[in-house]
$ cat protein19.txt   # compact mmCIF, N, CA and C atoms and all ligand atoms
# COMPACT_ATOMS: atom_id res chain seq x y z
N MET A 1 -20.53 -15.31 -13.81
CA MET A 1 -19.18 -15.84 -14.03
C MET A 1 -18.56 -16.25 -12.69
N ALA A 2 -17.94 -17.38 -12.66
CA ALA A 2 -17.34 -17.88 -11.42
C ALA A 2 -15.90 -17.38 -11.30
N TYR A 3 -15.66 -16.64 -10.23
CA TYR A 3 -14.30 -16.19 -9.98
C TYR A 3 -13.62 -17.14 -9.03
N ARG A 4 -12.33 -17.28 -9.21
CA ARG A 4 -11.58 -18.12 -8.28
C ARG A 4 -10.50 -17.27 -7.64
N LYS A 5 -10.17 -17.66 -6.40
CA LYS A 5 -9.24 -16.86 -5.63
C LYS A 5 -7.86 -17.49 -5.63
N PRO A 6 -6.87 -16.80 -6.19
CA PRO A 6 -5.51 -17.36 -6.17
C PRO A 6 -4.92 -17.33 -4.76
N SER A 7 -3.95 -18.19 -4.49
CA SER A 7 -3.29 -18.20 -3.18
C SER A 7 -2.37 -16.98 -3.05
N ASP A 8 -1.98 -16.66 -1.81
CA ASP A 8 -1.05 -15.55 -1.59
C ASP A 8 0.23 -15.73 -2.40
N THR A 9 0.75 -16.96 -2.40
CA THR A 9 1.99 -17.23 -3.13
C THR A 9 1.84 -16.94 -4.61
N GLU A 10 0.72 -17.33 -5.18
CA GLU A 10 0.49 -17.08 -6.61
C GLU A 10 0.40 -15.58 -6.89
N VAL A 11 -0.27 -14.85 -5.99
CA VAL A 11 -0.39 -13.40 -6.19
C VAL A 11 0.98 -12.74 -6.08
N VAL A 12 1.76 -13.15 -5.07
CA VAL A 12 3.11 -12.59 -4.88
C VAL A 12 3.96 -12.83 -6.13
N GLU A 13 3.92 -14.04 -6.66
CA GLU A 13 4.69 -14.34 -7.87
C GLU A 13 4.23 -13.47 -9.04
N ALA A 14 2.93 -13.28 -9.16
CA ALA A 14 2.38 -12.47 -10.25
C ALA A 14 2.81 -11.01 -10.12
N ILE A 15 2.83 -10.50 -8.89
CA ILE A 15 3.27 -9.12 -8.68
C ILE A 15 4.75 -8.98 -9.05
N LYS A 16 5.55 -9.96 -8.63
CA LYS A 16 6.98 -9.94 -8.98
C LYS A 16 7.17 -9.90 -10.48
N ASP A 17 6.43 -10.77 -11.20
CA ASP A 17 6.54 -10.82 -12.66
C ASP A 17 6.13 -9.49 -13.29
N ALA A 18 5.03 -8.92 -12.78
CA ALA A 18 4.53 -7.65 -13.33
C ALA A 18 5.58 -6.55 -13.15
N LEU A 19 6.20 -6.50 -11.96
CA LEU A 19 7.21 -5.47 -11.69
C LEU A 19 8.46 -5.69 -12.54
N ARG A 20 8.82 -6.95 -12.71
CA ARG A 20 10.01 -7.27 -13.49
C ARG A 20 9.80 -6.86 -14.96
N ARG A 21 8.61 -7.13 -15.47
CA ARG A 21 8.33 -6.82 -16.87
C ARG A 21 8.14 -5.34 -17.13
N HIS A 22 7.53 -4.63 -16.17
CA HIS A 22 7.09 -3.26 -16.45
C HIS A 22 7.83 -2.18 -15.69
N GLY A 23 8.67 -2.54 -14.73
CA GLY A 23 9.39 -1.52 -13.97
C GLY A 23 8.45 -0.75 -13.07
N VAL A 24 8.62 0.57 -13.05
CA VAL A 24 7.78 1.40 -12.18
C VAL A 24 6.33 1.36 -12.67
N ILE A 25 5.42 1.10 -11.76
CA ILE A 25 4.00 1.01 -12.12
C ILE A 25 3.26 2.10 -11.34
N SER A 26 2.57 2.97 -12.11
CA SER A 26 2.15 4.24 -11.54
C SER A 26 0.76 4.27 -10.91
N SER A 27 0.13 3.14 -10.73
CA SER A 27 -1.10 3.14 -9.93
C SER A 27 -1.40 1.73 -9.44
N GLN A 28 -2.19 1.70 -8.38
CA GLN A 28 -2.60 0.42 -7.81
C GLN A 28 -3.47 -0.36 -8.80
N ARG A 29 -4.32 0.36 -9.54
CA ARG A 29 -5.18 -0.31 -10.52
C ARG A 29 -4.35 -0.98 -11.59
N LYS A 30 -3.31 -0.26 -12.06
CA LYS A 30 -2.46 -0.79 -13.11
C LYS A 30 -1.69 -2.02 -12.61
N LEU A 31 -1.15 -1.93 -11.40
CA LEU A 31 -0.43 -3.07 -10.84
C LEU A 31 -1.35 -4.29 -10.74
N THR A 32 -2.58 -4.05 -10.31
CA THR A 32 -3.55 -5.15 -10.18
C THR A 32 -3.87 -5.77 -11.54
N GLU A 33 -4.09 -4.90 -12.55
CA GLU A 33 -4.37 -5.42 -13.90
C GLU A 33 -3.22 -6.26 -14.42
N LEU A 34 -1.99 -5.77 -14.20
CA LEU A 34 -0.82 -6.48 -14.71
C LEU A 34 -0.60 -7.80 -13.97
N ALA A 35 -0.82 -7.77 -12.65
CA ALA A 35 -0.67 -8.99 -11.86
C ALA A 35 -1.74 -10.01 -12.28
N LEU A 36 -2.93 -9.50 -12.54
CA LEU A 36 -4.02 -10.37 -12.95
C LEU A 36 -3.74 -11.03 -14.30
N LYS A 37 -3.12 -10.26 -15.18
CA LYS A 37 -2.75 -10.80 -16.49
C LYS A 37 -1.80 -11.99 -16.30
N GLU A 38 -0.86 -11.84 -15.35
CA GLU A 38 0.07 -12.95 -15.06
C GLU A 38 -0.69 -14.14 -14.46
N LEU A 39 -1.59 -13.85 -13.52
CA LEU A 39 -2.34 -14.92 -12.85
C LEU A 39 -3.21 -15.70 -13.83
N ARG A 40 -3.77 -14.98 -14.80
CA ARG A 40 -4.71 -15.63 -15.72
C ARG A 40 -4.03 -16.51 -16.76
N ARG A 41 -2.71 -16.44 -16.80
CA ARG A 41 -1.99 -17.44 -17.60
C ARG A 41 -2.21 -18.83 -17.00
N HIS A 42 -2.35 -18.84 -15.65
CA HIS A 42 -2.52 -20.12 -14.95
C HIS A 42 -3.98 -20.52 -14.86
N ASP A 43 -4.85 -19.54 -14.64
CA ASP A 43 -6.27 -19.83 -14.53
C ASP A 43 -7.06 -18.59 -14.97
N PRO A 44 -7.79 -18.70 -16.08
CA PRO A 44 -8.50 -17.54 -16.62
C PRO A 44 -9.62 -17.03 -15.71
N ASP A 45 -9.99 -17.80 -14.69
CA ASP A 45 -11.07 -17.37 -13.81
C ASP A 45 -10.58 -16.67 -12.54
N TYR A 46 -9.28 -16.51 -12.42
CA TYR A 46 -8.74 -15.87 -11.22
C TYR A 46 -9.17 -14.42 -11.12
N SER A 47 -9.39 -14.00 -9.89
CA SER A 47 -9.70 -12.60 -9.64
C SER A 47 -9.01 -12.18 -8.34
N VAL A 48 -8.62 -10.92 -8.26
CA VAL A 48 -7.94 -10.45 -7.05
C VAL A 48 -8.26 -8.97 -6.88
N SER A 49 -8.40 -8.53 -5.64
CA SER A 49 -8.75 -7.12 -5.40
C SER A 49 -7.50 -6.25 -5.36
N GLU A 50 -7.71 -4.96 -5.65
CA GLU A 50 -6.59 -4.02 -5.61
C GLU A 50 -5.97 -3.96 -4.22
N GLN A 51 -6.82 -4.01 -3.21
CA GLN A 51 -6.31 -3.92 -1.85
C GLN A 51 -5.43 -5.11 -1.49
N ARG A 52 -5.84 -6.28 -1.95
CA ARG A 52 -5.06 -7.48 -1.65
C ARG A 52 -3.69 -7.40 -2.34
N VAL A 53 -3.68 -6.95 -3.59
CA VAL A 53 -2.41 -6.81 -4.32
C VAL A 53 -1.49 -5.83 -3.60
N ARG A 54 -2.07 -4.67 -3.19
CA ARG A 54 -1.25 -3.66 -2.51
C ARG A 54 -0.67 -4.21 -1.21
N ARG A 55 -1.52 -4.84 -0.41
CA ARG A 55 -1.03 -5.34 0.89
C ARG A 55 0.01 -6.43 0.74
N LEU A 56 -0.19 -7.32 -0.22
CA LEU A 56 0.79 -8.39 -0.42
C LEU A 56 2.12 -7.83 -0.93
N ALA A 57 2.05 -6.80 -1.78
CA ALA A 57 3.28 -6.18 -2.29
C ALA A 57 4.07 -5.58 -1.14
N ILE A 58 3.36 -4.94 -0.20
CA ILE A 58 4.04 -4.30 0.93
C ILE A 58 4.53 -5.34 1.93
N GLN A 59 3.66 -6.26 2.30
CA GLN A 59 4.01 -7.26 3.32
C GLN A 59 5.18 -8.14 2.88
N ASN A 60 5.32 -8.35 1.58
CA ASN A 60 6.38 -9.21 1.09
C ASN A 60 7.57 -8.41 0.56
N ASP A 61 7.51 -7.10 0.79
CA ASP A 61 8.64 -6.24 0.47
C ASP A 61 9.02 -6.33 -1.01
N LEU A 62 8.02 -6.35 -1.88
CA LEU A 62 8.27 -6.53 -3.31
C LEU A 62 8.59 -5.22 -4.01
N ALA A 63 8.10 -4.12 -3.46
CA ALA A 63 8.25 -2.84 -4.15
C ALA A 63 8.43 -1.73 -3.14
N SER A 64 9.13 -0.66 -3.55
CA SER A 64 9.03 0.53 -2.73
C SER A 64 7.81 1.28 -3.21
N ILE A 65 7.12 1.88 -2.27
CA ILE A 65 5.83 2.45 -2.61
C ILE A 65 5.83 3.93 -2.27
N ASP A 66 5.39 4.71 -3.23
CA ASP A 66 5.32 6.15 -3.07
C ASP A 66 3.83 6.49 -2.92
N ILE A 67 3.47 7.01 -1.77
CA ILE A 67 2.05 7.22 -1.48
C ILE A 67 1.68 8.70 -1.62
N HIS A 68 0.80 8.99 -2.56
CA HIS A 68 0.29 10.34 -2.70
C HIS A 68 -1.02 10.42 -1.92
N GLY A 69 -1.29 11.56 -1.32
CA GLY A 69 -2.51 11.65 -0.54
C GLY A 69 -3.09 13.05 -0.57
N ARG A 70 -4.30 13.16 -0.07
CA ARG A 70 -4.87 14.50 0.07
C ARG A 70 -5.39 14.63 1.50
N ASP A 71 -5.34 15.87 2.00
CA ASP A 71 -5.78 16.11 3.37
C ASP A 71 -7.29 16.21 3.45
N THR A 72 -7.83 15.72 4.54
CA THR A 72 -9.27 15.86 4.78
C THR A 72 -9.45 16.69 6.04
N ARG A 73 -10.71 16.94 6.43
CA ARG A 73 -10.98 17.68 7.67
C ARG A 73 -11.11 16.74 8.85
N GLU A 74 -11.08 15.44 8.57
CA GLU A 74 -11.25 14.46 9.63
C GLU A 74 -10.03 14.43 10.54
N LYS A 75 -10.28 14.28 11.83
CA LYS A 75 -9.18 14.15 12.77
C LYS A 75 -8.59 12.74 12.62
N THR A 76 -7.25 12.65 12.63
CA THR A 76 -6.61 11.35 12.52
C THR A 76 -6.72 10.59 13.83
N ARG A 77 -7.05 9.32 13.73
CA ARG A 77 -7.06 8.48 14.92
C ARG A 77 -5.89 7.50 14.84
N ALA A 78 -5.30 7.23 15.99
CA ALA A 78 -4.21 6.24 16.02
C ALA A 78 -4.80 4.87 15.71
N GLY A 79 -3.98 3.99 15.19
CA GLY A 79 -4.49 2.64 14.94
C GLY A 79 -3.91 2.04 13.68
N ALA A 80 -4.73 1.35 12.94
CA ALA A 80 -4.24 0.60 11.79
C ALA A 80 -3.94 1.53 10.61
N CYS A 81 -2.88 1.23 9.91
CA CYS A 81 -2.49 1.97 8.71
C CYS A 81 -3.50 1.69 7.60
N PRO A 82 -4.04 2.74 6.96
CA PRO A 82 -5.03 2.52 5.90
C PRO A 82 -4.42 1.91 4.63
N VAL A 83 -3.10 1.95 4.54
CA VAL A 83 -2.45 1.44 3.33
C VAL A 83 -2.17 -0.06 3.44
N CYS A 84 -1.56 -0.48 4.56
CA CYS A 84 -1.12 -1.87 4.64
C CYS A 84 -1.70 -2.62 5.83
N GLY A 85 -2.43 -1.92 6.70
CA GLY A 85 -3.00 -2.60 7.86
C GLY A 85 -2.03 -2.71 9.02
N GLY A 86 -0.80 -2.19 8.86
CA GLY A 86 0.18 -2.20 9.95
C GLY A 86 -0.23 -1.20 11.04
N LYS A 87 0.57 -1.14 12.08
CA LYS A 87 0.24 -0.25 13.19
C LYS A 87 0.93 1.10 12.97
N THR A 88 0.21 2.19 13.16
CA THR A 88 0.84 3.50 13.02
C THR A 88 1.39 3.97 14.37
N VAL A 89 2.45 4.76 14.31
CA VAL A 89 3.04 5.31 15.53
C VAL A 89 3.00 6.84 15.44
N LYS A 90 3.05 7.47 16.60
CA LYS A 90 3.01 8.93 16.63
C LYS A 90 4.29 9.54 16.10
N ILE A 91 4.16 10.64 15.36
CA ILE A 91 5.32 11.44 15.01
C ILE A 91 5.38 12.54 16.06
N ARG A 92 6.50 12.61 16.79
CA ARG A 92 6.61 13.60 17.85
C ARG A 92 7.67 14.63 17.52
N ASN A 93 7.40 15.85 17.82
CA ASN A 93 8.39 16.91 17.68
C ASN A 93 8.66 17.53 19.05
N LEU A 94 9.89 17.97 19.24
CA LEU A 94 10.21 18.66 20.48
C LEU A 94 9.61 20.06 20.46
N THR A 95 9.14 20.50 21.58
CA THR A 95 8.68 21.89 21.68
C THR A 95 9.79 22.73 22.30
N VAL A 96 9.67 24.04 22.19
CA VAL A 96 10.68 24.92 22.79
C VAL A 96 10.72 24.79 24.31
N TYR A 97 9.67 24.25 24.89
CA TYR A 97 9.64 24.11 26.34
C TYR A 97 10.21 22.78 26.82
N GLY A 98 10.76 22.02 25.90
CA GLY A 98 11.39 20.76 26.29
C GLY A 98 10.45 19.57 26.32
N GLY A 99 9.20 19.79 26.03
CA GLY A 99 8.25 18.67 25.95
C GLY A 99 8.17 18.15 24.53
N THR A 100 7.22 17.29 24.28
CA THR A 100 7.02 16.83 22.92
C THR A 100 5.56 17.04 22.52
N VAL A 101 5.35 17.18 21.25
CA VAL A 101 4.00 17.35 20.75
C VAL A 101 3.81 16.40 19.57
N THR A 102 2.65 15.80 19.51
CA THR A 102 2.35 14.89 18.40
C THR A 102 1.95 15.72 17.18
N THR A 103 2.66 15.49 16.07
CA THR A 103 2.34 16.25 14.85
C THR A 103 1.65 15.38 13.80
N GLY A 104 1.61 14.08 14.05
CA GLY A 104 0.97 13.21 13.08
C GLY A 104 1.27 11.76 13.41
N TYR A 105 1.03 10.90 12.43
CA TYR A 105 1.24 9.47 12.61
C TYR A 105 1.92 8.91 11.37
N LYS A 106 2.72 7.87 11.58
CA LYS A 106 3.33 7.21 10.43
C LYS A 106 3.34 5.70 10.62
N CYS A 107 3.49 5.01 9.50
CA CYS A 107 3.52 3.55 9.52
C CYS A 107 4.94 3.11 9.22
N ARG A 108 5.50 2.28 10.08
CA ARG A 108 6.88 1.82 9.86
C ARG A 108 6.97 0.81 8.73
N ALA A 109 5.88 0.11 8.46
CA ALA A 109 5.93 -0.95 7.45
C ALA A 109 5.97 -0.40 6.03
N CYS A 110 5.15 0.61 5.74
CA CYS A 110 5.04 1.04 4.34
C CYS A 110 5.40 2.50 4.12
N GLY A 111 5.60 3.26 5.19
CA GLY A 111 6.01 4.65 5.00
C GLY A 111 4.85 5.64 4.92
N TYR A 112 3.63 5.15 5.01
CA TYR A 112 2.48 6.07 5.02
C TYR A 112 2.61 7.02 6.20
N TRP A 113 2.26 8.29 5.98
CA TRP A 113 2.22 9.24 7.10
C TRP A 113 1.01 10.14 6.94
N THR A 114 0.63 10.73 8.03
CA THR A 114 -0.49 11.67 8.01
C THR A 114 -0.25 12.71 9.08
N GLY A 115 -0.81 13.89 8.90
CA GLY A 115 -0.78 14.91 9.95
C GLY A 115 -1.90 14.64 10.94
N LEU A 116 -2.25 15.65 11.72
CA LEU A 116 -3.34 15.47 12.68
C LEU A 116 -4.69 15.45 12.00
N LYS A 117 -4.76 16.03 10.79
CA LYS A 117 -5.94 15.84 9.96
C LYS A 117 -5.64 14.65 9.06
N GLN A 118 -6.59 13.76 8.95
CA GLN A 118 -6.39 12.51 8.21
C GLN A 118 -5.97 12.77 6.76
N ARG A 119 -4.88 12.17 6.36
CA ARG A 119 -4.44 12.26 4.98
C ARG A 119 -4.85 10.96 4.30
N VAL A 120 -5.67 11.09 3.28
CA VAL A 120 -6.22 9.91 2.62
C VAL A 120 -5.39 9.58 1.38
N PRO A 121 -4.91 8.34 1.29
CA PRO A 121 -4.11 7.96 0.12
C PRO A 121 -4.96 8.03 -1.15
N THR A 122 -4.41 8.62 -2.21
CA THR A 122 -5.15 8.71 -3.47
C THR A 122 -4.45 7.99 -4.61
N LEU A 123 -3.14 7.87 -4.51
CA LEU A 123 -2.39 7.25 -5.60
C LEU A 123 -1.16 6.54 -5.03
N TYR A 124 -0.90 5.36 -5.55
CA TYR A 124 0.29 4.61 -5.14
C TYR A 124 1.16 4.39 -6.36
N VAL A 125 2.46 4.65 -6.21
CA VAL A 125 3.40 4.34 -7.27
C VAL A 125 4.33 3.23 -6.76
N PHE A 126 4.43 2.15 -7.51
CA PHE A 126 5.22 1.00 -7.09
C PHE A 126 6.50 0.92 -7.90
N SER A 127 7.64 0.85 -7.23
CA SER A 127 8.91 0.66 -7.92
C SER A 127 9.52 -0.65 -7.47
N PRO A 128 10.03 -1.44 -8.43
CA PRO A 128 10.62 -2.73 -8.06
C PRO A 128 11.80 -2.54 -7.12
N LYS A 129 11.98 -3.46 -6.18
CA LYS A 129 13.12 -3.38 -5.25
C LYS A 129 14.31 -4.13 -5.82
ZN ZN B 201 1.37 0.94 6.35
$ encode --input "protein19.txt" --output "structure tokens" --more "lines below"
Ligand SMILES: [Zn+2]
Amino acid sequence: MAYRKPSDTEVVEAIKDALRRHGVISSQRKLTELALKELRRHDPDYSVSEQRVRRLAIQNDLASIDIHGRDTREKTRAGACPVCGGKTVKIRNLTVYGGTVTTGYKCRACGYWTGLKQRVPTLYVFSPK
């Protein structure tokens, strides 16, 4: 079967429609299915990945996103946000000695955070803005 790739604008419009019709959407898979249903009104061969839908929703500020995660044993590395690809920054706390200590990392774009052990996102809840 031949899949076709919708443009960013088409995906953004489809996400908007899905959120408008359904309100809070309780998983990334569900949001993708609903957006795809909107897209396929225009072209039944359209296909889009869950990751692309999530990133476009965040980058275009379409929804507030509630990120559930679970802790792993992996050490967190600074760098790209696993949720939206944005840059993460250190979360610093003051110590009693007047210095600062890094307690984790957060993303300013989407609100993802993690401690010093990598917190892996497991569920996303999208609420219309
Ligand atoms: Zn992010």
$ residues_around --input "protein19.txt" --residues "A:Arg73" --least-positions-apart "3" --cutoff "8 Å" --atoms "all atoms listed in the file" --output "PyMOL selection string"
chain A and resi 70+76+116-119
$ axis_aligned_box --input "protein19.txt" --around "stretch 45-55 of chain A" --padding-each-side "3 Å" --output "lines of an AutoDock Vina configuration file"
center_x = -5.5
center_y = -10.7
center_z = -6.9
size_x = 17.1
size_y = 20.1
size_z = 21.6
$ closest_atom_pairs --input "protein19.txt" --of "chain A" --to "ligand ZN 201 (chain B)" --cutoff "5 Å" --atoms "all atoms listed in the file" --output "CSV"
residue,atom,partner,partner_atom,distance
A:Cys81,CA,B:ZN201,ZN,4.6
A:Val83,C,B:ZN201,ZN,4.7
A:Cys84,N,B:ZN201,ZN,3.7
A:Gly85,N,B:ZN201,ZN,4.8
A:Gly86,N,B:ZN201,ZN,4.6
A:Cys107,CA,B:ZN201,ZN,4.6
A:Ala109,C,B:ZN201,ZN,4.8
A:Cys110,N,B:ZN201,ZN,3.8
A:Gly111,N,B:ZN201,ZN,5.0
A:Tyr112,N,B:ZN201,ZN,5.0
$ atom_distance --input "protein19.txt" --atom1 "atom CA of A:Arg4" --atom2 "atom CA of A:Tyr46"
4.7 Å
$ select_by_dssp --input "protein19.txt" --residues "chain A" --states "helix (DSSP H, G or I)" --output "ChimeraX atom specification"
/A:8-22,28-42,50-59
$ atom_distance --input "protein19.txt" --atom1 "atom CA of A:Leu39" --atom2 "atom CA of A:Ile65"
21.8 Å
$ atom_distance --input "protein19.txt" --atom1 "atom N of A:Thr102" --atom2 "atom N of A:Ala80"
17.5 Å
$ closest_residue --input "protein19.txt" --among "A:Pro128, A:Arg29, A:Ile91, A:Asn60" --to "A:Thr114" --atoms "only N, CA and C atoms"
A:Ile91
$ residues_near_point --input "protein19.txt" --point "(9.2, -13.2, -8.9)" --cutoff "12 Å" --atoms "only C-alpha atoms" --output "MDAnalysis selection string"
chainID A and resid 9:21 35 38 57 60:63 128:129
$ residues_around --input "protein19.txt" --residues "A:Ser26" --least-positions-apart "2" --cutoff "8 Å" --atoms "only C-alpha atoms" --output "PyMOL selection string"
chain A and resi 24+28+30-31+124-126
$ closest_residue --input "protein19.txt" --among "A:Ile25, A:Asp8, A:Ser127, A:Val120" --to "A:Gln59" --atoms "only C-alpha atoms"
A:Asp8
$ closest_residue --input "protein19.txt" --among "A:Val101, A:Pro6, A:Lys75, A:Lys106" --to "A:Asp45" --atoms "all atoms listed in the file"
A:Pro6
$ decode --input "protein19.txt" --residues "stretch 64-101 of chain A" --atoms "C-alpha atoms" --output "mmCIF file, in the first residue's frame"
data_model
loop_
_atom_site.group_PDB
_atom_site.id
_atom_site.type_symbol
_atom_site.label_atom_id
_atom_site.label_comp_id
_atom_site.auth_asym_id
_atom_site.auth_seq_id
_atom_site.Cartn_x
_atom_site.Cartn_y
_atom_site.Cartn_z
ATOM 1 C CA SER A 64 -1.006 21.620 26.902
ATOM 2 C CA ILE A 65 0.690 18.338 27.461
ATOM 3 C CA ASP A 66 0.826 16.305 30.628
ATOM 4 C CA ILE A 67 3.787 13.941 30.525
ATOM 5 C CA HIS A 68 3.753 10.779 32.606
ATOM 6 C CA GLY A 69 7.038 8.959 32.959
ATOM 7 C CA ARG A 70 8.872 6.227 34.740
ATOM 8 C CA ASP A 71 12.359 6.323 36.205
ATOM 9 C CA THR A 72 15.140 4.211 34.786
ATOM 10 C CA ARG A 73 18.633 3.398 36.101
ATOM 11 C CA GLU A 74 20.227 5.280 33.227
ATOM 12 C CA LYS A 75 22.080 8.459 34.038
ATOM 13 C CA THR A 76 20.472 11.509 32.422
ATOM 14 C CA ARG A 77 22.566 13.304 29.845
ATOM 15 C CA ALA A 78 22.088 16.951 28.976
ATOM 16 C CA GLY A 79 20.932 17.623 25.453
ATOM 17 C CA ALA A 80 17.831 17.222 23.360
ATOM 18 C CA CYS A 81 14.429 16.763 24.977
ATOM 19 C CA PRO A 82 13.095 13.250 24.240
ATOM 20 C CA VAL A 83 9.571 14.628 23.973
ATOM 21 C CA CYS A 84 9.859 17.549 21.565
ATOM 22 C CA GLY A 85 13.501 17.724 20.498
ATOM 23 C CA GLY A 86 13.994 21.071 22.279
ATOM 24 C CA LYS A 87 17.024 21.803 24.421
ATOM 25 C CA THR A 88 16.929 20.777 28.076
ATOM 26 C CA VAL A 89 18.351 22.979 30.829
ATOM 27 C CA LYS A 90 19.668 22.055 34.256
ATOM 28 C CA ILE A 91 17.408 22.256 37.281
ATOM 29 C CA ARG A 92 19.559 23.723 40.039
ATOM 30 C CA ASN A 93 18.909 23.835 43.743
ATOM 31 C CA LEU A 94 20.754 25.879 46.321
ATOM 32 C CA THR A 95 22.785 23.924 48.821
ATOM 33 C CA VAL A 96 23.145 24.880 52.483
ATOM 34 C CA TYR A 97 26.711 25.910 51.696
ATOM 35 C CA GLY A 98 25.595 28.598 49.271
ATOM 36 C CA GLY A 99 26.506 26.689 46.128
ATOM 37 C CA THR A 100 24.182 25.059 43.660
ATOM 38 C CA VAL A 101 23.638 21.452 42.785
#
